[in-house]
$ cat target.cif   # mmCIF, C-alpha atoms
data_work
loop_
_atom_site.label_atom_id
_atom_site.label_comp_id
_atom_site.auth_asym_id
_atom_site.auth_seq_id
_atom_site.Cartn_x
_atom_site.Cartn_y
_atom_site.Cartn_z
CA MET A 1063 16.37 38.22 38.14
CA LYS A 1064 19.87 37.24 39.31
CA TRP A 1065 22.17 35.44 36.88
CA GLN A 1066 25.76 34.26 37.05
CA ILE A 1067 26.76 35.01 33.48
CA LYS A 1068 27.51 32.02 31.28
CA LYS A 1069 27.76 31.65 27.53
CA LEU A 1070 24.45 32.31 25.78
CA LYS A 1071 22.62 29.18 24.65
CA ALA A 1072 21.45 29.17 21.04
CA LYS A 1073 20.20 26.84 18.36
CA LEU A 1074 19.85 27.01 14.60
CA LEU A 1075 16.31 26.80 13.27
CA ALA A 1076 15.38 25.09 10.01
CA ASP A 1077 15.27 28.39 8.12
CA GLY A 1078 18.81 29.31 9.20
CA LEU A 1079 17.75 31.75 11.93
CA VAL A 1080 19.79 31.60 15.14
CA GLN A 1081 17.49 31.52 18.16
CA TYR A 1082 18.94 32.66 21.51
CA GLN A 1083 17.55 31.58 24.86
CA ASP A 1084 16.85 34.36 27.38
CA PRO A 1085 19.16 33.27 30.24
CA THR A 1086 16.69 34.20 32.97
CA SER A 1087 13.40 32.94 31.54
CA GLU A 1088 11.76 30.46 29.19
CA SER A 1089 11.48 33.08 26.46
CA PHE A 1090 13.89 33.88 23.62
CA LEU A 1091 16.05 36.94 23.14
CA ASN A 1092 14.80 37.05 19.55
CA ASP A 1093 11.39 37.98 20.90
CA ARG A 1094 12.88 40.65 23.18
CA ILE A 1095 14.21 42.85 20.37
CA GLY A 1096 12.98 46.40 21.05
CA GLN A 1097 12.71 45.91 24.83
CA LYS A 1098 14.85 47.73 27.37
CA LEU A 1099 17.37 45.66 29.32
CA LYS A 1100 19.27 46.61 32.48
CA ILE A 1101 22.33 44.59 33.56
CA GLU A 1102 23.53 45.43 37.09
CA PHE A 1103 26.82 43.99 38.35
CA GLU A 1104 26.46 42.87 41.97
CA GLN A 1105 30.22 43.07 42.64
CA GLN A 1106 30.62 39.32 42.90
CA ILE A 1107 32.53 37.03 40.54
CA GLN A 1108 32.85 33.25 40.81
CA CYS A 1109 35.03 30.88 38.81
CA ILE A 1110 32.85 29.01 36.31
CA ALA A 1111 34.73 25.77 37.06
CA CYS A 1112 35.24 25.56 40.82
CA GLY A 1113 32.93 28.32 42.10
CA ARG A 1114 35.70 30.13 44.01
CA LYS A 1115 34.98 33.82 44.66
CA ILE A 1116 37.51 35.93 42.79
CA LYS A 1117 38.30 39.56 41.96
CA LYS A 1118 39.07 38.98 38.28
CA THR A 1119 38.69 36.21 35.76
CA PHE A 1120 41.13 34.52 33.40
CA ALA A 1121 40.40 32.86 30.04
CA GLN A 1122 36.77 34.03 30.08
CA GLY A 1123 35.58 32.95 33.48
CA TYR A 1124 38.21 30.96 35.36
CA CYS A 1125 40.16 31.65 38.54
CA PHE A 1126 43.97 31.63 38.38
CA PRO A 1127 44.39 28.16 39.98
CA CYS A 1128 41.98 26.65 37.43
CA LEU A 1129 43.79 28.51 34.65
CA GLN A 1130 46.97 26.76 35.73
CA SER A 1131 45.52 23.30 36.31
CA LEU A 1132 42.62 22.58 33.93
CA ALA A 1133 43.14 21.00 30.53
CA ALA A 1134 40.43 23.31 29.18
CA CYS A 1135 42.74 26.26 29.94
CA ASP A 1136 45.96 24.81 28.52
CA LEU A 1137 47.78 26.52 25.65
CA CYS A 1138 46.87 23.68 23.28
CA ILE A 1139 43.21 24.74 23.45
CA VAL A 1140 44.01 27.90 21.48
CA LYS A 1141 46.88 26.24 19.59
CA PRO A 1142 45.60 22.70 18.92
CA GLU A 1143 48.70 21.81 16.91
CA LEU A 1144 50.46 21.73 20.31
CA CYS A 1145 48.16 19.02 21.75
CA HIS A 1146 50.34 16.76 23.89
CA HIS A 1147 47.86 14.14 25.07
CA HIS A 1148 49.74 11.44 23.11
CA LYS A 1149 52.88 12.28 25.10
CA GLY A 1150 51.16 11.43 28.38
CA THR A 1151 51.48 15.02 29.65
CA CYS A 1152 47.85 16.16 29.41
CA ARG A 1153 46.74 18.03 32.54
CA GLU A 1154 43.59 15.91 32.71
CA PRO A 1155 43.95 12.76 30.60
CA GLU A 1156 40.28 11.72 30.98
CA TRP A 1157 39.12 15.19 29.88
CA GLY A 1158 41.47 14.93 26.92
CA GLU A 1159 40.05 11.55 25.93
CA LYS A 1160 36.52 12.97 25.90
CA ASN A 1161 37.30 16.28 24.22
CA CYS A 1162 40.45 15.95 22.13
CA MET A 1163 40.80 12.31 21.16
CA ILE A 1164 37.53 12.40 19.21
CA PRO A 1165 36.60 13.36 15.63
CA HIS A 1166 37.17 17.00 14.76
CA THR A 1167 35.81 19.06 11.89
CA VAL A 1168 37.98 21.27 9.68
CA TYR A 1169 35.83 24.02 8.17
CA LEU A 1170 35.68 27.34 6.38
CA SER A 1171 33.41 30.03 7.79
CA LEU A 1172 32.45 33.56 6.75
CA THR A 1173 32.73 35.95 9.69
CA SER A 1174 34.55 39.19 8.84
CA GLY A 1175 35.96 37.25 5.87
CA VAL A 1176 36.54 33.62 4.99
CA LYS A 1177 38.57 31.83 7.67
CA VAL A 1178 39.70 28.31 8.42
CA GLY A 1179 38.84 26.69 11.73
CA ILE A 1180 38.49 23.45 13.62
CA THR A 1181 36.13 22.20 16.29
CA ARG A 1182 34.77 18.99 17.77
CA ALA A 1183 32.64 17.41 15.05
CA HIS A 1184 29.52 17.14 17.20
CA GLN A 1185 29.47 20.86 18.04
CA LYS A 1186 30.29 22.49 14.71
CA THR A 1187 27.03 24.45 14.51
CA THR A 1188 27.51 25.80 18.03
CA ARG A 1189 31.02 26.92 17.11
CA TRP A 1190 29.81 28.71 14.00
CA ILE A 1191 27.10 30.51 15.96
CA ASP A 1192 29.52 31.57 18.71
CA GLN A 1193 31.89 33.16 16.20
CA GLY A 1194 29.08 35.02 14.42
CA ALA A 1195 29.53 33.21 11.10
CA THR A 1196 26.97 34.00 8.41
CA ALA A 1197 27.97 30.96 6.34
CA ALA A 1198 30.07 27.88 7.04
CA VAL A 1199 30.95 24.52 5.55
CA GLU A 1200 32.53 21.41 6.99
CA LEU A 1201 35.14 20.24 4.47
CA GLY A 1202 36.59 17.27 6.28
CA LYS A 1203 37.06 15.36 9.51
CA THR A 1204 40.10 14.14 11.39
CA ALA A 1205 40.36 11.42 14.01
CA LYS A 1206 41.49 13.78 16.78
CA ARG A 1207 42.18 17.40 17.69
CA LEU A 1208 45.94 17.26 17.08
CA HIS A 1209 45.47 16.24 13.44
CA ALA A 1210 42.95 19.02 12.83
CA GLY A 1211 45.27 21.50 14.51
CA LEU A 1212 48.23 20.52 12.36
CA LEU A 1213 46.14 21.04 9.24
CA GLU A 1214 44.77 24.37 10.40
CA SER A 1215 48.25 25.61 11.25
CA ALA A 1216 49.58 24.54 7.85
CA LEU A 1217 46.79 26.48 6.09
CA LYS A 1218 47.32 29.77 7.95
CA SER A 1219 49.56 31.13 5.21
CA THR A 1220 46.59 30.93 2.81
CA PHE A 1221 43.52 31.42 5.02
CA ALA A 1222 42.89 33.68 7.98
CA ASP A 1223 42.31 31.81 11.24
CA LYS A 1224 40.93 34.71 13.26
CA THR A 1225 37.91 37.00 12.98
CA ASN A 1226 37.97 40.78 12.90
CA TRP A 1227 35.29 40.99 15.57
CA ARG A 1228 34.51 44.65 14.95
CA ALA A 1229 33.80 44.01 11.26
CA MET A 1230 31.76 40.93 12.19
CA LEU A 1231 29.62 42.99 14.58
CA LYS A 1232 29.02 45.65 11.92
CA GLY A 1233 27.63 42.95 9.67
CA SER A 1234 30.14 44.09 7.05
CA ASN A 1235 31.36 40.83 5.57
CA THR A 1236 33.75 41.12 2.67
CA GLU A 1237 32.74 40.11 -0.82
CA GLU A 1238 34.59 36.83 -0.32
CA SER A 1239 32.61 33.66 -0.99
CA ILE A 1240 33.06 30.30 0.66
CA GLU A 1241 32.11 28.59 -2.60
CA ASP A 1242 35.09 30.23 -4.28
CA LYS A 1243 37.50 28.97 -1.60
CA ILE A 1244 36.63 25.27 -1.42
CA ASP A 1245 38.83 24.16 -4.32
CA LEU A 1246 41.66 26.33 -3.00
CA PHE A 1247 41.31 24.67 0.41
CA TRP A 1248 41.89 21.21 -1.04
CA GLU A 1249 44.72 22.43 -3.27
CA GLU A 1250 46.49 23.78 -0.21
CA VAL A 1251 45.77 20.67 1.85
CA GLU A 1252 47.46 18.53 -0.80
CA LYS A 1253 50.58 20.67 -0.50
CA THR A 1254 50.92 19.89 3.21
CA GLU A 1255 52.38 16.78 4.80
CA PHE A 1256 49.09 16.18 6.60
CA ALA A 1257 46.74 15.47 3.68
CA GLU A 1258 46.29 11.85 4.73
CA LEU A 1259 44.96 12.93 8.13
CA ILE A 1260 41.69 14.36 6.80
CA GLU A 1261 38.67 12.57 5.35
CA GLU A 1262 36.64 14.68 2.92
CA SER A 1263 33.05 15.54 3.88
CA PRO A 1264 30.07 16.19 1.57
CA VAL A 1265 29.88 19.90 0.76
CA GLU A 1266 26.83 21.38 2.50
CA ILE A 1267 27.09 25.13 3.03
CA GLN A 1268 25.16 26.33 6.08
CA ARG A 1269 23.73 29.87 6.05
CA LEU A 1270 23.11 31.59 9.39
CA ASN A 1271 20.98 34.65 10.12
CA TYR A 1272 21.05 36.54 13.42
CA PRO A 1273 18.30 38.48 15.20
CA VAL A 1274 19.75 41.97 14.63
CA SER A 1275 17.38 44.82 13.77
CA THR A 1276 20.09 47.42 13.11
CA TYR A 1277 23.85 47.07 12.72
CA PRO A 1278 25.87 49.97 14.17
CA GLU A 1279 28.22 52.01 12.01
CA LYS A 1280 30.77 52.17 14.81
CA ILE A 1281 31.40 49.50 17.43
CA LYS A 1282 31.54 50.71 21.04
CA THR A 1283 31.89 48.25 23.89
CA LEU A 1284 30.92 48.48 27.55
CA GLY A 1285 32.18 46.25 30.37
CA LEU A 1286 30.90 45.73 33.89
CA ASP A 1287 34.22 46.51 35.61
CA LYS A 1288 34.11 50.15 34.49
CA THR A 1289 30.34 50.44 33.99
CA PRO A 1290 28.61 48.36 36.71
CA THR A 1291 25.14 49.22 35.41
CA ILE A 1292 24.53 48.83 31.69
CA GLU A 1293 21.16 49.50 30.15
CA GLY A 1294 19.65 50.13 26.76
CA THR A 1295 17.24 48.84 24.15
CA LEU A 1296 18.06 45.39 22.80
CA THR A 1297 18.62 45.74 19.06
CA GLY A 1298 20.20 42.37 18.37
CA VAL A 1299 22.32 39.36 19.29
CA LYS A 1300 25.18 37.92 17.24
CA GLY A 1301 27.83 35.45 18.29
CA GLN A 1302 28.18 36.00 22.03
CA TYR A 1303 27.51 39.74 21.79
CA ILE A 1304 24.39 41.67 22.75
CA TYR A 1305 23.59 44.94 20.97
CA LEU A 1306 22.13 47.58 23.28
CA ASP A 1307 21.37 50.89 21.54
CA ASP A 1308 24.69 52.06 20.08
CA PHE A 1309 27.05 49.77 22.01
CA VAL A 1310 27.74 46.05 22.40
CA PHE A 1311 28.19 43.84 25.46
CA ASN A 1312 30.45 40.79 25.28
CA VAL A 1313 28.62 38.10 27.25
CA ARG A 1314 31.34 35.44 27.15
CA LYS A 1315 34.01 37.86 28.40
CA HIS A 1316 31.92 38.34 31.56
CA GLN A 1317 31.34 34.68 32.44
CA GLY A 1318 31.27 34.24 36.22
CA TYR A 1319 29.96 37.75 36.96
CA GLN A 1320 26.88 37.86 39.19
CA VAL A 1321 24.34 40.30 37.75
CA ARG A 1322 20.75 41.36 38.08
CA TRP A 1323 19.09 41.05 34.67
CA THR A 1324 15.94 43.14 34.30
CA TRP A 1325 13.59 43.64 31.33
CA GLN A 1326 11.29 46.61 30.83
CA ASP A 1327 8.75 47.24 28.12
CA SER A 1328 9.91 49.84 25.60
#

$ encode --input "target.cif" --output "structure tokens"
Amino acid sequence: MKWQIKKLKAKLLADGLVQYQDPTSESFLNDRIGQKLKIEFEQQIQCIACGRKIKKTFAQGYCFPCLQSLAACDLCIVKPELCHHHKGTCREPEWGEKNCMIPHTVYLSLTSGVKVGITRAHQKTTRWIDQGATAAVELGKTAKRLHAGLLESALKSTFADKTNWRAMLKGSNTEESIEDKIDLFWEEVEKTEFAELIEESPVEIQRLNYPVSTYPEKIKTLGLDKTPTIEGTLTGVKGQYIYLDDFVFNVRKHQGYQVRWTWQDS
């Protein structure tokens, strides 16, 4: 079946298992573990925002004009402490009102290690799934993205703010514990000039389990630009990565690519 690649949809079940939707059917990728999958690039890419046909994507699925014009592609999306909506210079003020001028969560998550992060409060679980976190906890909320970004930036000297994606995909978390970092988080917050911007949340640590039958010892990636046909046995899904035999495929990196997605019984 044909599919223009978009981010995988997933939800967290009551037992902590992450369930991924098969993008081309009503079934779940969890139930496809052990089946053979072929992904064939049809040499067509479209911007995920405007639909323009393009030769390459920017910022995981956009054309260059959208990269330059959309608020979702502005620098402040990856560096929220630079949010400039309050200055009246937002690329799309209405988009900013809906996405940035709303409550944001400040959290700790366990990916390749314990890291600090922020996200819109209503989508925290989605964010944790997308980054492949195996545990996460919301520690507080701010009134808007800028405030959360200022706090996150101030805490970078104590906590990592990025994931070692190779370690995350190996399933080789460090021995670090989120429980051991909560008090340190608040100690460091109190040292900043932004402590009054965050309202403390009840501590509820969320555990997440991913449908991965076998974690590889070495991470090898394949992309559709160099390998237009990718096939192998599905051995797992974590974050926005699909494990096929002894390599991984980054779904989000290929947003906008038109592919033929075919399942075969093993």

$ closest_residue --input "target.cif" --among "A:Gly1318, A:Pro1264, A:Pro1165, A:Pro1273" --to "Trp1065 in chain A" --atoms "all atoms listed in the file"
A:Gly1318

$ atom_distance --input "target.cif" --atom1 "CA of Met1163 in chain A" --atom2 "CA of Gly1202 in chain A"
16.2 Å

$ resolve_selection --input "target.cif" --expression "the PyMOL selection byres ((chain A and resi 1172-1184) around 6)" --output "VMD selection string"
chain A and resid 1165 to 1171 1185 to 1186 1195 to 1197 1221 to 1223 1225 to 1226 1229 to 1230 1235 to 1236

$ residues_around --input "target.cif" --residues "Arg1314 in chain A" --least-positions-apart "5" --cutoff "9 Å" --atoms "all atoms listed in the file" --output "count of residues only"
8

$ residues_near_point --input "target.cif" --point "(19.4, 45.9, 23.2)" --cutoff "8 Å" --atoms "only C-alpha atoms" --output "ChimeraX atom specification"
/A:1095-1099,1294-1298,1304-1307

$ write_last_selection --input "target.cif" --atoms "C-alpha atoms" --output "PDB file, in the frame of the given file"
ATOM      1  CA  ILE A1095      14.210  42.850  20.370  1.00  0.00           C
ATOM      2  CA  GLY A1096      12.980  46.400  21.050  1.00  0.00           C
ATOM      3  CA  GLN A1097      12.710  45.910  24.830  1.00  0.00           C
ATOM      4  CA  LYS A1098      14.850  47.730  27.370  1.00  0.00           C
ATOM      5  CA  LEU A1099      17.370  45.660  29.320  1.00  0.00           C
ATOM      6  CA  GLY A1294      19.650  50.130  26.760  1.00  0.00           C
ATOM      7  CA  THR A1295      17.240  48.840  24.150  1.00  0.00           C
ATOM      8  CA  LEU A1296      18.060  45.390  22.800  1.00  0.00           C
ATOM      9  CA  THR A1297      18.620  45.740  19.060  1.00  0.00           C
ATOM     10  CA  GLY A1298      20.200  42.370  18.370  1.00  0.00           C
ATOM     11  CA  ILE A1304      24.390  41.670  22.750  1.00  0.00           C
ATOM     12  CA  TYR A1305      23.590  44.940  20.970  1.00  0.00           C
ATOM     13  CA  LEU A1306      22.130  47.580  23.280  1.00  0.00           C
ATOM     14  CA  ASP A1307      21.370  50.890  21.540  1.00  0.00           C
TER      15      ASP A1307
END

$ atom_distance --input "target.cif" --atom1 "CA of Leu1144 in chain A" --atom2 "CA of Leu1212 in chain A"
8.3 Å

$ closest_residue --input "target.cif" --among "A:Leu1132, A:Val1313, A:Leu1284, A:Ala1076" --to "Glu1154 in chain A" --atoms "all atoms listed in the file"
A:Leu1132

$ atom_distance --input "target.cif" --atom1 "CA of Val1265 in chain A" --atom2 "CA of Ala1198 in chain A"
10.2 Å

$ resolve_selection --input "target.cif" --expression "the PyMOL selection byres ((chain A and resi 1271) around 7)" --output "PyMOL selection string"
chain A and resi 1078-1080+1196+1269-1270+1272-1273

$ closest_atom_pairs --input "target.cif" --of "range 1117-1218 of chain A" --to "range 1081-1089 of chain A" --cutoff "12 Å" --atoms "only C-alpha atoms" --output "tab-separated table"
residue	atom	partner	partner_atom	distance
A:Thr1188	CA	A:Tyr1082	CA	11.5
A:Ile1191	CA	A:Gln1081	CA	9.9
A:Asp1192	CA	A:Tyr1082	CA	11.0

$ residues_around --input "target.cif" --residues "Cys1152 in chain A" --least-positions-apart "3" --cutoff "12 Å" --atoms "all atoms listed in the file" --output "list in words"
Ser1131, Leu1132, Ala1133, Ala1134, Cys1135, Asp1136, Leu1137, Cys1138, Ile1139, Leu1144, Cys1145, His1146, His1147, His1148, Lys1149, Pro1155, Glu1156, Trp1157, Gly1158, Glu1159, Asn1161, Cys1162 and Met1163 of chain A

$ resolve_selection --input "target.cif" --expression "the PyMOL selection byres ((chain A and resi 1113) around 12)" --output "PyMOL selection string"
chain A and resi 1066+1106-1112+1114-1116+1119+1123-1125+1127-1128+1317-1320

$ closest_residue --input "target.cif" --among "A:Glu1262, A:Glu1250, A:Glu1143, A:Asp1242" --to "Ala1210 in chain A" --atoms "all atoms listed in the file"
A:Glu1143

$ closest_residue --input "target.cif" --among "A:Gly1233, A:Glu1255, A:Val1310, A:Lys1300" --to "Tyr1277 in chain A" --atoms "only C-alpha atoms"
A:Gly1233

$ closest_residue --input "target.cif" --among "A:Trp1323, A:Arg1094, A:His1316, A:Met1063" --to "Ala1121 in chain A" --atoms "all atoms listed in the file"
A:His1316
